[in-house]
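Report on one structure; see the data block that follows.
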Amino acid sequence: IPASTIKSVEVITEPGVKYEAEGVGAILNIITEQTSFEGYQAQIGVNGSIIQPGGDGNVFFTSKVGKFGVTANYHGGVYNFSMMPMLNTSVLTYRDTGIRLTSENTVERNKSRYGYHMGGLNLTYDINERNLLSLNVDLSSHNTPGVNITTTRTEDPSGKLLAKYELWDDTKSSSTTLETRLDYEHTTALKGESLTLSYQWVHTPNHSEVLTDQKIFDPKNAESILQTNRQFSQTDAAFNEHTGQIDYVRPFGDKWKVEAGLKSIFRLGATESVFKVLDKISNEWVVGSLFGQHLGISGSPMAYKQNIYGAYGNVTYRKGKVSLVAGARAEYGVQNVEFAKEPKANLHHTFLDVVPQLIATWTLADADQLKLGYNYRIQRPSITQLNPYREQVSPLQVKYGNENLSNERVHALDATYSHYTQKFSLMLSASYQFSNNKVEEYFFSQLDDKGNRILHQTYTDKGKMRSLGFNIFTQYVPASWVRLYLQSNLNFVTLDASGIKINGKDDYGNTVMKGLGGNSFMGATFTLPKNWSLGVNAGIFIQPPTINLKSFWGSWHHLSVSKSFLKQRLSLSGWISNPFSPWYDLRIAMSSPSFKGETHVRNYGLSTGVSISYSFGNLKNSIRKVSRTIENKDLMSSEKKQGVGGAPGGVGGN
C-alpha cells in the first residue's frame, strides 16, 4: 500500500474474544486517506540489490467508479542468495559415553535462486448506504531451490574417529497460496449497529523434490570414501480451509455495546511422499530409502481433517473515564489423522475450549490511560508439527513431527500505561503469561537396532512455560523535521520439560531452561530540505530459550536515504544494512539430559540496494471497507523460532 494513501495506523493490543481464541495478540488497523481528487490512484516501483543480486517490481492501483471500487496490487521478482555461504557447526558430547558428535552444515547460497509472486485484488460494491459487498482474492507463489551440505562425524573421548558421513541435498521446492474471501455487511439507522456475513476459502498446494548424495568414509582414513549412495524423494502436500462467519454488533445508548458471532472452520490436509534409491547394478531408480523413511507411517500418505465450531459474545460498558469489557468464546473441535498404509496409527481428537476475557480501562487525563486485562489464548499445532514424516538430517540425526500434539493454552495478564501528545508519546506495559502444555521443539537420543546412537528432533506439548515481560515504546518529535523513537521488550522465560516422556514411556529428565527473550531498536528519521530524507536504525534481538537451546543475542543496523521529485510523485531511495558488522556470529549453548554442546552459526548480513517508485492519478472518494472479516490465526507456524531451528548443524535456518 503506498504511504500516500495511508492516513494512520492503529495498534489494537486487545482485539477481544472474537480473535483471542485464535491466538491473535494484536491487530493493525490501517486507515486510508480520503483525498479531494477524483478518478484513480496508482504506483509502480522497482527494487534492486547488489550483494544479494536480484530485483523485484511492484504495482498498486485503486479506483472507484460510482458504486464500484477496485484495488489491485502485485509484487514479485527473483533473487540470488548471498554469494557468501551460511555455515553452522555443532559439537555435542553425550554425557554417558563421552562420544562427541560433530555436525557441519553449509548452505550453498550461490547455487540458490529464490523467486516469488504475490498479488491481490479487492472488489467492492456499494449496494446502497446500508449494504456493502466485498470480494477479496490473494495469490502468492514461492520457488526456492537450494543446496545443503551436511558432514557428520563421531569420535570417542580420546578423539579417535568412529564414523564419518556426508550428505549433499539438492532441493527444489515450490508453494502456492490462494485465499478468496467474500463479505457482506448490513448497517442500520442505529449508529454502530452492523451485521456481517463472511466466507473464506484457502487453498495451499506444496511440492518438493530432494536429490541426496551420501558418502560414507573409512573411519581409519577420514579422506577415503568407502561407499556412495543416491536417493530421490518427492513430497506433495495440499491444504484446504473453508470458513464461515457471522458477526453482529449493537450499541445500547452511549454506555453499552454488545458483540456476538458464530464461526465454523473446516480444514482438509494431505501429504504423500515417494522415496527411491539408485540401484548400482541396474543403474535404475527403485522403491526404497537410505534410512528407511519409506517404511511405516513416515512413508504412508496422511490425511488431516479438522472441524471447529465457535461462538463468542462480549459486552462493553463505558461511563465517564472508565471502560469495562467482559466476554467469552467457546470452541468445539474434532480432529482426525489417518494413514492410508498404517490404519493402526490413525488418531481421533476432540476438544472444547472456553476462552474468557476481561479488560478494564481508566482515562487518567486527556493524554493518559491505564489498562488492565486478562485473556486466554489458544494455538493449534500446524500440519508440519503433526506430520510424522521422517527427515533424515544425517545418518545419525532424524527430524519428524508428533501426531499426538494437543492445543496449546496460554493465560495472560497485562497492565499498560500510555501517554500520547503531539511531541512526546510513551507506552509502558508489564505482562505475565503461563502455559502448562507449551508446544516446543526438543532433542533426545536413542540407540537404534544396530546399536548406533541417533539424535532425534521432534515436538512435545508437555512443556511448562512461565514468562514475565516488560515493554516500552516512546517517540519524541523535537522539531517538524526530526523524529526519534525507541521500542523495546524484554521477557524473563522459564521452561520446565520434566513432564516429557520419550515415546510415551521413558522420562526425559528434570530439564529446566531459564533465560531472556525480546528485541529492542531505536532510530531517527530526518526530513531535510529539497525533499531529502534520512533514516538511521539499530537494534538487538534476544532469542528466548527453548527446551534445549539457551537464549542468545545479536545486533543489526540500517541506513537509508531518499529523495522525491516531480511534486513527490517520483521517489528514489538507497539503503544499506550492517555495513559495520557484516557477519552474524552466534554461539548457542545446547543442553539436555543426554548431551551438552554448542552450535556456532555464521551468516553474512551485509546487504544494500536501491528502489524507485512513481505515483500517478487522483482519487476522489475512499473505498468503503467492511468493518469485520475472517482472521484465522490459530495454527502455529513451524518457523516461529524466527530462523532458529533444525537439528544441530542446521540451527539458524536457511
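Letters A, B, ... go to the chains of the C-alpha cells in the order shown; residues in each chain start at 1; ligands are counted from 1 in the same order.
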(message) With only C-alpha atoms as the counted atoms, please give the residues lying no more than 6 Å from Leu135 (chain A), apart from itself and same-chain residues fewer than 5 positions off, as a ChimeraX atom specification.
(response) /A:122-123,181-182
For the residues selected in the previous step, produce a file with all heavy atoms as a PDB file, in the first residue's frame.
ATOM      1  N   ASN A 122      -9.121  -6.636  -4.763  1.00  0.00           N
ATOM      2  CA  ASN A 122     -10.285  -6.386  -3.920  1.00  0.00           C
ATOM      3  C   ASN A 122     -11.334  -5.639  -4.727  1.00  0.00           C
ATOM      4  O   ASN A 122     -11.042  -4.592  -5.318  1.00  0.00           O
ATOM      5  CB  ASN A 122      -9.894  -5.567  -2.681  1.00  0.00           C
ATOM      6  CG  ASN A 122     -11.100  -5.201  -1.841  1.00  0.00           C
ATOM      7  OD1 ASN A 122     -11.575  -4.066  -1.878  1.00  0.00           O
ATOM      8  ND2 ASN A 122     -11.621  -6.145  -1.096  1.00  0.00           N
ATOM      9  N   LEU A 123     -12.546  -6.205  -4.772  1.00  0.00           N
ATOM     10  CA  LEU A 123     -13.674  -5.587  -5.467  1.00  0.00           C
ATOM     11  C   LEU A 123     -14.766  -5.283  -4.451  1.00  0.00           C
ATOM     12  O   LEU A 123     -15.110  -6.147  -3.634  1.00  0.00           O
ATOM     13  CB  LEU A 123     -14.222  -6.514  -6.550  1.00  0.00           C
ATOM     14  CG  LEU A 123     -13.232  -6.974  -7.625  1.00  0.00           C
ATOM     15  CD1 LEU A 123     -13.888  -8.000  -8.531  1.00  0.00           C
ATOM     16  CD2 LEU A 123     -12.727  -5.790  -8.442  1.00  0.00           C
ATOM     17  N   ARG A 181     -12.018 -14.457  -0.259  1.00  0.00           N
ATOM     18  CA  ARG A 181     -12.909 -14.103   0.835  1.00  0.00           C
ATOM     19  C   ARG A 181     -14.052 -13.228   0.317  1.00  0.00           C
ATOM     20  O   ARG A 181     -13.824 -12.275  -0.429  1.00  0.00           O
ATOM     21  CB  ARG A 181     -12.138 -13.367   1.928  1.00  0.00           C
ATOM     22  CG  ARG A 181     -12.953 -13.092   3.173  1.00  0.00           C
ATOM     23  CD  ARG A 181     -12.111 -12.509   4.285  1.00  0.00           C
ATOM     24  NE  ARG A 181     -11.539 -11.230   3.934  1.00  0.00           N
ATOM     25  CZ  ARG A 181     -10.247 -11.007   3.672  1.00  0.00           C
ATOM     26  NH1 ARG A 181      -9.397 -12.017   3.714  1.00  0.00           N
ATOM     27  NH2 ARG A 181      -9.809  -9.810   3.361  1.00  0.00           N
ATOM     28  N   LEU A 182     -15.267 -13.541   0.734  1.00  0.00           N
ATOM     29  CA  LEU A 182     -16.465 -12.785   0.354  1.00  0.00           C
ATOM     30  C   LEU A 182     -17.135 -12.283   1.630  1.00  0.00           C
ATOM     31  O   LEU A 182     -17.414 -13.064   2.542  1.00  0.00           O
ATOM     32  CB  LEU A 182     -17.419 -13.665  -0.447  1.00  0.00           C
ATOM     33  CG  LEU A 182     -18.710 -13.001  -0.945  1.00  0.00           C
ATOM     34  CD1 LEU A 182     -18.384 -11.912  -1.963  1.00  0.00           C
ATOM     35  CD2 LEU A 182     -19.632 -14.053  -1.566  1.00  0.00           C
TER      36      LEU A 182
END
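Residues lying within 8 Å of Thr144 (chain A), counting only C-alpha atoms and ignoring same-chain neighbours fewer than 3 positions away, are A:Ser112, A:Arg113, A:Tyr114, A:Gly115, A:Lys172, A:Ser173, A:Ser174.
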Output the selection as a PDB file, in the first residue's frame - C-alpha atoms for each residue.
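As a result, out-v5.pdb now contains:
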ATOM      1  CA  SER A 112      20.166 -20.882  -4.836  1.00  0.00           C
ATOM      2  CA  ARG A 113      17.745 -18.594  -6.609  1.00  0.00           C
ATOM      3  CA  TYR A 114      14.584 -17.515  -4.839  1.00  0.00           C
ATOM      4  CA  GLY A 115      11.605 -16.429  -6.938  1.00  0.00           C
ATOM      5  CA  LYS A 172      13.664 -27.823  -5.307  1.00  0.00           C
ATOM      6  CA  SER A 173      10.540 -26.653  -3.526  1.00  0.00           C
ATOM      7  CA  SER A 174       7.510 -24.627  -4.535  1.00  0.00           C
TER       8      SER A 174
END
(request) Enumerate, as a ChimeraX atom specification, the complete set of residues in region 153-289 of chain A that a backbone-based DSSP assignment places in strand (DSSP E). (result) /A:153-155,161-187,194-218,221-252,256-278,285-287
(message) Env of Ala345 (chain A): 10 Å cut, atoms = only C-alpha atoms, seq-sep filter 6 positions within chain, self excluded. Answer as a PyMOL selection string.
(response) chain A and resi 296-297+337-339+403
(request) Could you give me, as a list in words, the residues within 8 Å of region 387-395 of chain A, counting only C-alpha atoms and dropping anything in the same chain fewer than 4 positions from it? (result)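 The filter keeps Thr150, Thr151, Thr152, Tyr165, Glu166, Leu167, Phe291, Gln293, Ile297, Ser298, Gly299, Met302, Ile383, Lys399, Tyr400, Gly401, Asn402, Glu403, Ile454 and Ala647 of chain A.
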May I have the residues within 7 Å of region 609-619 of chain A as a PDB file with C-alpha atoms, in the first residue's frame, using only C-alpha atoms and disregarding those fewer than 3 positions away in the same chain?
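File written: out.pdb
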ATOM      1  CA  THR A  35      -8.485  12.832  -0.710  1.00  0.00           C
ATOM      2  CA  PHE A  37      -9.306  14.449  -6.051  1.00  0.00           C
ATOM      3  CA  GLU A  38     -11.093  12.134  -8.467  1.00  0.00           C
ATOM      4  CA  GLY A  39     -10.522   9.175 -10.754  1.00  0.00           C
ATOM      5  CA  TYR A  40      -7.890   6.686  -9.634  1.00  0.00           C
ATOM      6  CA  GLN A  41      -4.534   6.358  -7.925  1.00  0.00           C
ATOM      7  CA  ALA A  42      -1.624   4.126  -8.896  1.00  0.00           C
ATOM      8  CA  GLN A  43       2.017   3.442  -8.099  1.00  0.00           C
ATOM      9  CA  ILE A  44       4.751   1.434  -9.784  1.00  0.00           C
ATOM     10  CA  GLY A  45       8.162   0.632  -8.384  1.00  0.00           C
ATOM     11  CA  VAL A  46      11.297  -1.440  -8.846  1.00  0.00           C
ATOM     12  CA  ASN A  47      13.902  -2.588  -6.330  1.00  0.00           C
ATOM     13  CA  GLY A  48      17.345  -3.998  -6.796  1.00  0.00           C
ATOM     14  CA  SER A  49      20.095  -5.290  -4.536  1.00  0.00           C
ATOM     15  CA  ILE A  50      23.777  -5.781  -5.176  1.00  0.00           C
ATOM     16  CA  SER A  63     -10.142   3.307  -8.330  1.00  0.00           C
ATOM     17  CA  ARG A 569       5.372  11.595  -7.225  1.00  0.00           C
ATOM     18  CA  LEU A 570       8.783  10.130  -8.095  1.00  0.00           C
ATOM     19  CA  SER A 571      10.869   8.697  -5.252  1.00  0.00           C
ATOM     20  CA  LEU A 572      14.434   7.376  -5.372  1.00  0.00           C
ATOM     21  CA  SER A 573      15.973   5.693  -2.332  1.00  0.00           C
ATOM     22  CA  GLY A 574      19.002   3.660  -1.339  1.00  0.00           C
ATOM     23  CA  TRP A 575      19.778   1.578   1.737  1.00  0.00           C
ATOM     24  CA  ILE A 576      22.481  -0.488   3.370  1.00  0.00           C
TER      25      ILE A 576
END
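Residues with any atom within 9 Å of region 280-283 of chain A, counting only C-alpha atoms and excluding same-chain neighbours fewer than 2 positions away, are A:Asn229, A:Leu278, A:Trp285.
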(request) Excluding Ser445 (chain A) and any residue of its chain fewer than 4 positions from it, enumerate the residues within 7 Å of it, using only C-alpha atoms, and give them as JSON, numbers by chain. (result) {"A": [453, 454, 455, 456, 594]}
Those same residues - all heavy atoms - I'd like them written as a JSON list (two decimals), in the first residue's frame.
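And here's part32.json as it stands now:
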[["chain", "number", "residue", "atom", "x", "y", "z"],
["A", 453, "ARG", "N", 23.82, -44.58, 18.03],
["A", 453, "ARG", "CA", 23.09, -43.57, 18.79],
["A", 453, "ARG", "C", 22.57, -42.52, 17.81],
["A", 453, "ARG", "O", 23.34, -41.84, 17.14],
["A", 453, "ARG", "CB", 23.98, -42.93, 19.84],
["A", 453, "ARG", "CG", 23.22, -41.95, 20.74],
["A", 453, "ARG", "CD", 24.15, -41.33, 21.76],
["A", 453, "ARG", "NE", 24.58, -42.28, 22.76],
["A", 453, "ARG", "CZ", 23.87, -42.56, 23.87],
["A", 453, "ARG", "NH1", 22.72, -41.97, 24.07],
["A", 453, "ARG", "NH2", 24.33, -43.42, 24.74],
["A", 454, "ILE", "N", 21.24, -42.38, 17.77],
["A", 454, "ILE", "CA", 20.58, -41.46, 16.85],
["A", 454, "ILE", "C", 20.04, -40.27, 17.62],
["A", 454, "ILE", "O", 19.39, -40.43, 18.66],
["A", 454, "ILE", "CB", 19.43, -42.15, 16.09],
["A", 454, "ILE", "CG1", 19.92, -43.45, 15.44],
["A", 454, "ILE", "CG2", 18.84, -41.21, 15.05],
["A", 454, "ILE", "CD1", 21.02, -43.26, 14.42],
["A", 455, "LEU", "N", 20.30, -39.07, 17.11],
["A", 455, "LEU", "CA", 19.77, -37.86, 17.71],
["A", 455, "LEU", "C", 18.43, -37.53, 17.06],
["A", 455, "LEU", "O", 18.34, -37.32, 15.85],
["A", 455, "LEU", "CB", 20.75, -36.70, 17.51],
["A", 455, "LEU", "CG", 20.41, -35.39, 18.21],
["A", 455, "LEU", "CD1", 20.46, -35.57, 19.72],
["A", 455, "LEU", "CD2", 21.34, -34.28, 17.77],
["A", 456, "HIS", "N", 17.36, -37.49, 17.86],
["A", 456, "HIS", "CA", 16.01, -37.25, 17.38],
["A", 456, "HIS", "C", 15.60, -35.80, 17.64],
["A", 456, "HIS", "O", 15.88, -35.25, 18.71],
["A", 456, "HIS", "CB", 15.00, -38.17, 18.08],
["A", 456, "HIS", "CG", 15.20, -39.61, 17.79],
["A", 456, "HIS", "ND1", 14.35, -40.34, 16.99],
["A", 456, "HIS", "CD2", 16.18, -40.48, 18.18],
["A", 456, "HIS", "CE1", 14.77, -41.59, 16.91],
["A", 456, "HIS", "NE2", 15.88, -41.70, 17.63],
["A", 594, "SER", "N", 20.80, -35.97, 28.07],
["A", 594, "SER", "CA", 21.71, -36.95, 27.47],
["A", 594, "SER", "C", 22.93, -36.33, 26.81],
["A", 594, "SER", "O", 23.88, -37.03, 26.51],
["A", 594, "SER", "CB", 20.96, -37.81, 26.45],
["A", 594, "SER", "OG", 20.44, -37.00, 25.40]]
(message) One number please: CA of Pro579 (chain A) to CA of Gly539 (chain A), in Å, one decimal.
(response)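 Taking CA of Pro579 (chain A) as the start and CA of Gly539 (chain A) as the end point, the length is 13.9 Å.
Ranking A:Phe565, A:Tyr604, A:Phe595, A:Phe60 by their shortest atom-to-atom distance to Leu92 (chain A), with only C-alpha atoms included, puts A:Phe595 first.
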(message) Could you check the closest approach to Leu528 (chain A) for each of A:Lys514, A:Lys215, A:His75, A:Lys563 and tell me which residue wins, using only C-alpha atoms?
(response) A:Lys563
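Minimum atom-to-atom distance to Asp96 (chain A), evaluated using only C-alpha atoms, belongs to A:Pro157 out of A:Pro157, A:Gly55, A:Gly261, A:Pro205.
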(message) Calculated over only C-alpha atoms, which of the candidates A:Val439, A:Leu364, A:Ala163, A:Leu516 has the smallest distance to Ser224 (chain A)?
(response) A:Ala163
Where does DSSP see helix (DSSP H, G or I) in region 373-592 of chain A, if you list the residues as a PDB file with all heavy atoms, in the first residue's frame?
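Okay, this is what ended up in selection-v5.pdb:
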ATOM      1  N   ILE A 383       0.172 -28.498  10.541  1.00  0.00           N
ATOM      2  CA  ILE A 383       0.308 -29.824   9.929  1.00  0.00           C
ATOM      3  C   ILE A 383       1.788 -30.223   9.869  1.00  0.00           C
ATOM      4  O   ILE A 383       2.118 -31.411   9.923  1.00  0.00           O
ATOM      5  CB  ILE A 383      -0.348 -29.849   8.531  1.00  0.00           C
ATOM      6  CG1 ILE A 383      -0.494 -31.293   8.052  1.00  0.00           C
ATOM      7  CG2 ILE A 383       0.418 -29.006   7.546  1.00  0.00           C
ATOM      8  CD1 ILE A 383      -1.359 -31.443   6.819  1.00  0.00           C
ATOM      9  N   THR A 384       2.688 -29.242   9.795  1.00  0.00           N
ATOM     10  CA  THR A 384       4.120 -29.541   9.806  1.00  0.00           C
ATOM     11  C   THR A 384       4.541 -30.134  11.141  1.00  0.00           C
ATOM     12  O   THR A 384       5.330 -31.080  11.202  1.00  0.00           O
ATOM     13  CB  THR A 384       4.933 -28.266   9.537  1.00  0.00           C
ATOM     14  OG1 THR A 384       4.557 -27.736   8.266  1.00  0.00           O
ATOM     15  CG2 THR A 384       6.419 -28.555   9.550  1.00  0.00           C
ATOM     16  N   GLN A 385       4.008 -29.608  12.222  1.00  0.00           N
ATOM     17  CA  GLN A 385       4.353 -30.121  13.544  1.00  0.00           C
ATOM     18  C   GLN A 385       3.697 -31.468  13.827  1.00  0.00           C
ATOM     19  O   GLN A 385       4.212 -32.261  14.607  1.00  0.00           O
ATOM     20  CB  GLN A 385       3.951 -29.105  14.609  1.00  0.00           C
ATOM     21  CG  GLN A 385       4.748 -27.815  14.528  1.00  0.00           C
ATOM     22  CD  GLN A 385       4.143 -26.723  15.374  1.00  0.00           C
ATOM     23  OE1 GLN A 385       2.941 -26.491  15.354  1.00  0.00           O
ATOM     24  NE2 GLN A 385       4.973 -26.027  16.128  1.00  0.00           N
ATOM     25  N   LEU A 386       2.555 -31.741  13.188  1.00  0.00           N
ATOM     26  CA  LEU A 386       1.858 -33.008  13.398  1.00  0.00           C
ATOM     27  C   LEU A 386       2.381 -34.122  12.495  1.00  0.00           C
ATOM     28  O   LEU A 386       2.295 -35.303  12.839  1.00  0.00           O
ATOM     29  CB  LEU A 386       0.359 -32.833  13.134  1.00  0.00           C
ATOM     30  CG  LEU A 386      -0.424 -31.965  14.127  1.00  0.00           C
ATOM     31  CD1 LEU A 386      -1.798 -31.652  13.557  1.00  0.00           C
ATOM     32  CD2 LEU A 386      -0.559 -32.670  15.468  1.00  0.00           C
ATOM     33  N   PRO A 529      15.778  19.550   3.714  1.00  0.00           N
ATOM     34  CA  PRO A 529      15.347  20.446   2.630  1.00  0.00           C
ATOM     35  C   PRO A 529      15.442  19.778   1.261  1.00  0.00           C
ATOM     36  O   PRO A 529      16.168  18.807   1.055  1.00  0.00           O
ATOM     37  CB  PRO A 529      16.326  21.627   2.746  1.00  0.00           C
ATOM     38  CG  PRO A 529      16.795  21.591   4.173  1.00  0.00           C
ATOM     39  CD  PRO A 529      16.847  20.144   4.533  1.00  0.00           C
ATOM     40  N   LYS A 530      14.674  20.322   0.318  1.00  0.00           N
ATOM     41  CA  LYS A 530      14.651  19.883  -1.074  1.00  0.00           C
ATOM     42  C   LYS A 530      14.243  18.417  -1.202  1.00  0.00           C
ATOM     43  O   LYS A 530      14.772  17.662  -2.015  1.00  0.00           O
ATOM     44  CB  LYS A 530      16.004  20.118  -1.738  1.00  0.00           C
ATOM     45  CG  LYS A 530      16.373  21.602  -1.808  1.00  0.00           C
ATOM     46  CD  LYS A 530      17.666  21.815  -2.589  1.00  0.00           C
ATOM     47  CE  LYS A 530      17.986  23.315  -2.668  1.00  0.00           C
ATOM     48  NZ  LYS A 530      19.227  23.564  -3.440  1.00  0.00           N
ATOM     49  N   ASN A 531      13.305  17.995  -0.334  1.00  0.00           N
ATOM     50  CA  ASN A 531      12.685  16.667  -0.408  1.00  0.00           C
ATOM     51  C   ASN A 531      13.666  15.517  -0.185  1.00  0.00           C
ATOM     52  O   ASN A 531      13.472  14.418  -0.705  1.00  0.00           O
ATOM     53  CB  ASN A 531      11.972  16.480  -1.756  1.00  0.00           C
ATOM     54  CG  ASN A 531      10.812  17.434  -1.922  1.00  0.00           C
ATOM     55  OD1 ASN A 531      10.075  17.700  -0.978  1.00  0.00           O
ATOM     56  ND2 ASN A 531      10.660  17.977  -3.131  1.00  0.00           N
TER      57      ASN A 531
END
